[in-house]
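A quick write-up on the structure given underneath.
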Number of protein chains: 2
Amino acid sequence: MSQVTSSVSTLSVDLGERSYPIHVGAGLLGDPQWLAPYLAGRQVMIVTNETVAPLYLAAFRAGLPEGLEVREVILPDGEHTKTLASVERIWDALLEAGFNRRCTLVALGGGVIGDMTGYAAACYQRGVAFIQVPTTLLSQVDSSVGGKTGVNHPRGKNMIGAFWQPRAVLIDTATLGSLPARELSAGLAEVIKYGLIRDVDFLAWLEARMADLRDLDEAALREAILRSCAIKAEVVAADETEQGVRALLNLGHTFGHAIEAYQGYGAWLHGEAVGAGMLMAAELSARLGWLTRDEVARVTTVIEAAGLPLAAPAAMDEEAFLVPMRLDKKNIDARLRLILLRRLGEACVYDETPPEQLHGVLTDFPRQ
Amino acid sequence: MSQVTSSVSTLSVDLGERSYPIHVGAGLLGDPQWLAPYLAGRQVMIVTNETVAPLYLAAFRAGLPEGLEVREVILPDGEHTKTLASVERIWDALLEAGFNRRCTLVALGGGVIGDMTGYAAACYQRGVAFIQVPTTLLSQVDSSVGGKTGVNHPRGKNMIGAFWQPRAVLIDTATLGSLPARELSAGLAEVIKYGLIRDVDFLAWLEARMADLRDLDEAALREAILRSCAIKAEVVAADETEQGVRALLNLGHTFGHAIEAYQGYGAWLHGEAVGAGMLMAAELSARLGWLTRDEVARVTTVIEAAGLPLAAPAAMDEEAFLVPMRLDKKNIDARLRLILLRRLGEACVYDETPPEQLHGVLTDFPRQ
């Protein structure tokens, strides 16, 4: 490749013998030096989708080291394809190619590709290597970090999966140039989340730089991705299998998953649903006396500035929220556990929400 | 339950925070004291099959502690049912019941039920508790110990799966009273394997007690199970994810899997194929100069005494062995790795078998 990597920053996710690096920089997707150290053997299976393949597959393949046996699986695009059937296509391709347990799977695409490829790697011959090359802002700051892999089930999102860590995550900020504005906004929802749950200074930085981020200012994007990944890496390192503090990363997700389930996965983007869900969590936190009205307005303003919806789907009633919420993985036995905001920059897990307060938010929250 | 547990021996499999006990005794299947400590919460899903359910499901349910939410999935019986579709039935049942991540799956049955239930537990909501209650000799000494879970794929056995440890293994020797003689013999193949790979004294004990074992002498069975589990637990503890010494547990399996694939899974019992496979490994070891002809005869005699076949399927040619062997998970890149016998009681991993020696065994080995 003639493309030269300008500058690359590296974070390390510390998980003992499963530790891995996250490299962030413009142009590293086609530069073999960033991939080669993490290949388990000579067999490489690239998993991507019909949207990403025309944009980046050739550049990625051209940047691979010599002497590899490279195959590819090109899946359809979209959250509705995040099914066990799609993962079976990856397994079929691996077996058809005769790939052994020293093969490496590469996820080239967004969160759906990353989650499915990671799950395919976790279970192929009981576990093989995989490398994440996330090409959307959402997957760069969220689903490529933390080892959560899996697929949806008709009865719930991410119900089938595994914790499986990548060997490395390669984030090429240049790929955001081809991302639709709506998807950029969806990714910004997760970026805002990191500020809300853990870093009020980062929240203030985002308030100041939101316009630059939406204009694809490269320095701003790199900073936002690095700080987001650093916060997530810190939380994940403290709690790899989601027994405690890691649950805080689900701010807005319990409400958001209900919205996604109600609309059918993919109608709202995940980040859009999380954005509305974070507002609902902020509203509930205010009713519990933890946030002021001014602080809720501040959350509303930054979410609006990111280009995200401020209301739940029209005609979505209380029960449509409660049914999927009762299935939420965070619940213990029959008790609802919610992620709420003690204050801006500090989230908490709370399972004592009075039912009438939850009822109030679920009925009063604006509908589109 | 009025049934009283006579005496129970416990082994501990030492895997750090994933350590678990194996309790072995007659009558413990229906005794709540052995199960209760290992339940993660109040939700229990029993997975069993149409053969085992009429024999043991009622007794098992009657022995459960009070106050649980108990559901069951009864699958068809047989190796051909060890598919992703069967595991999906378990996931569907869990989601239909609204079970959360503090539920516990119980595998009540043989190795197929254990492997599928373990895999279902490994991937339900990215991992929930499971308890093994193996009811066949094979699963008691083999597939219930070591955390290997998974399903078959049309292109290969156990190609999809995960390493996932049970919370406990409860082995009730009384269940062997209902086991067909052919399945008892298949289980004895794995018992013999432990002697061959690691303990020549145990091999001598088996030569002396084989008739008692086939007559279901309870003291002999208990001793054989305990020693087998102890050897396997020792090997697994040294190598949880099968990078090294654990591969020795596959003595006879590379050849055996080829036989099973050739016949279609389930036509030969797994242990029958492993028995013939161990003989092939012994024969190849003799041709490499590691075993004497007398030692090969000793292996042949003990396998025959267990009631196992001494020949491969009629008309199974060399290529029918080699095609699946090339896909074997032990191989690194394109190199065949076989488990052979340096001497009786000591197995090794070997990847330098001269092709003409392998060719000789694959063509000369008796066919039925």
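Residue numbering restarts at 1 for every chain of the structure tokens, chains are lettered A, B, ... in their displayed order, and ligands are numbered from 1 as they appear.
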Considering only C-alpha atoms, give me a table of residues in chain A that are at most 8 Å from chain B, with the closest atom pair and distance in Å for each, as a Markdown table.
| residue | atom | partner | partner_atom | distance |
| --- | --- | --- | --- | --- |
| A:Gly41 | CA | B:Asp333 | CA | 7.1 |
| A:Arg42 | CA | B:Asp333 | CA | 7.2 |
| A:Gln43 | CA | B:Asp333 | CA | 7.9 |
| A:Trp91 | CA | B:Ile160 | CA | 8.0 |
| A:Leu95 | CA | B:Arg155 | CA | 6.6 |
| A:Glu96 | CA | B:Arg155 | CA | 7.8 |
| A:Gly98 | CA | B:Leu327 | CA | 6.0 |
| A:Phe99 | CA | B:Leu327 | CA | 7.5 |
| A:Asn100 | CA | B:Lys329 | CA | 5.9 |
| A:Arg101 | CA | B:Lys329 | CA | 5.9 |
| A:Arg102 | CA | B:Ile332 | CA | 6.6 |
| A:Ala122 | CA | B:Ala162 | CA | 7.0 |
| A:Cys123 | CA | B:Gly161 | CA | 4.7 |
| A:Tyr124 | CA | B:Ile160 | CA | 5.0 |
| A:Gln125 | CA | B:Met159 | CA | 4.7 |
| A:Arg126 | CA | B:Ala162 | CA | 4.2 |
| A:Gly127 | CA | B:Ala162 | CA | 6.6 |
| A:Lys148 | CA | B:Arg126 | CA | 7.9 |
| A:Thr149 | CA | B:Arg126 | CA | 8.0 |
| A:Gly150 | CA | B:Arg126 | CA | 7.7 |
| A:Arg155 | CA | B:Leu95 | CA | 6.7 |
| A:Asn158 | CA | B:Gln125 | CA | 7.0 |
| A:Met159 | CA | B:Gln125 | CA | 4.7 |
| A:Ile160 | CA | B:Tyr124 | CA | 5.0 |
| A:Gly161 | CA | B:Arg126 | CA | 4.6 |
| A:Ala162 | CA | B:Arg126 | CA | 4.2 |
| A:Phe163 | CA | B:Arg126 | CA | 6.2 |
| A:Leu327 | CA | B:Gly98 | CA | 6.0 |
| A:Asp328 | CA | B:Asn100 | CA | 7.4 |
| A:Lys329 | CA | B:Asn100 | CA | 5.9 |
| A:Lys330 | CA | B:Arg101 | CA | 7.8 |
| A:Asn331 | CA | B:Asn100 | CA | 7.0 |
| A:Ile332 | CA | B:Arg102 | CA | 6.6 |
| A:Asp333 | CA | B:Asn100 | CA | 6.9 |
(message) Could you list, as a PyMOL selection string, every residue within 6 Å of range 252-266 of chain A, counting only C-alpha atoms and ignoring same-chain residues fewer than 4 positions away?
(response) chain A and resi 79-80+273-274+277-278+321+324
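Interatomic distance, CA of Lys82 in chain B against CA of Val191 in chain B: 22.9 Å.
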(message) Based on the backbone DSSP call, show me all residues of range 120-272 of chain A assigned helix (DSSP H, G or I), as number ranges by chain.
(response) A: 120-123, 137-143, 173-178, 181-198, 200-214, 218-238, 245-250, 253-263, 270-272
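By chain and then residue number, the residues within 9 Å of Glu218 in chain A are Ala26, Thr173, Ala174, Asp212, Leu213, Asp215, Leu221, Arg222 and Glu223 of chain A, counting only C-alpha atoms and disregarding those fewer than 3 positions away in sequence.
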(request) For CA of Leu341 in chain A and CA of Ala282 in chain A, determine how far apart the two atoms are, in Å to one decimal place. (result)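 Taking CA of Leu341 in chain A as the start and CA of Ala282 in chain A as the end point, the length is 6.4 Å.
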(request) Extract, using only C-alpha atoms, all DNA, RNA and protein residues at most 8 Å from Cys348 in chain B, discarding same-chain residues fewer than 6 positions from it, and format them as a list in words. (result)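 Neighbouring residues, sequence-local ones excluded: Leu248, Ile339, Leu340, Leu341 and Arg342 of chain B.
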Export of the given selection (N, CA and C atoms) as a short mmCIF file (atom, residue, chain, number, x, y, z; two decimals), in the first residue's frame:
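Contents of out_31.cif, as written:
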data_model
loop_
_atom_site.label_atom_id
_atom_site.label_comp_id
_atom_site.auth_asym_id
_atom_site.auth_seq_id
_atom_site.Cartn_x
_atom_site.Cartn_y
_atom_site.Cartn_z
N LEU B 248 -3.84 -35.44 24.83
CA LEU B 248 -3.63 -36.88 25.02
C LEU B 248 -4.94 -37.61 25.28
N ILE B 339 -2.31 -38.71 18.37
CA ILE B 339 -1.98 -39.13 19.72
C ILE B 339 -1.57 -40.59 19.63
N LEU B 340 -0.35 -40.88 20.07
CA LEU B 340 0.17 -42.25 19.98
C LEU B 340 0.69 -42.67 21.35
N LEU B 341 1.15 -43.94 21.44
CA LEU B 341 1.61 -44.48 22.72
C LEU B 341 3.13 -44.68 22.70
N ARG B 342 3.83 -43.88 23.51
CA ARG B 342 5.27 -44.07 23.68
C ARG B 342 5.52 -45.42 24.34
#
(request) Select from range 84-243 of chain A everything DSSP, run on the backbone, classes as strand (DSSP E or B), then give the selection as a VMD selection string. (result) chain A and resid 104 to 109 124 129 to 134 148 to 153 156 to 163 168 to 172
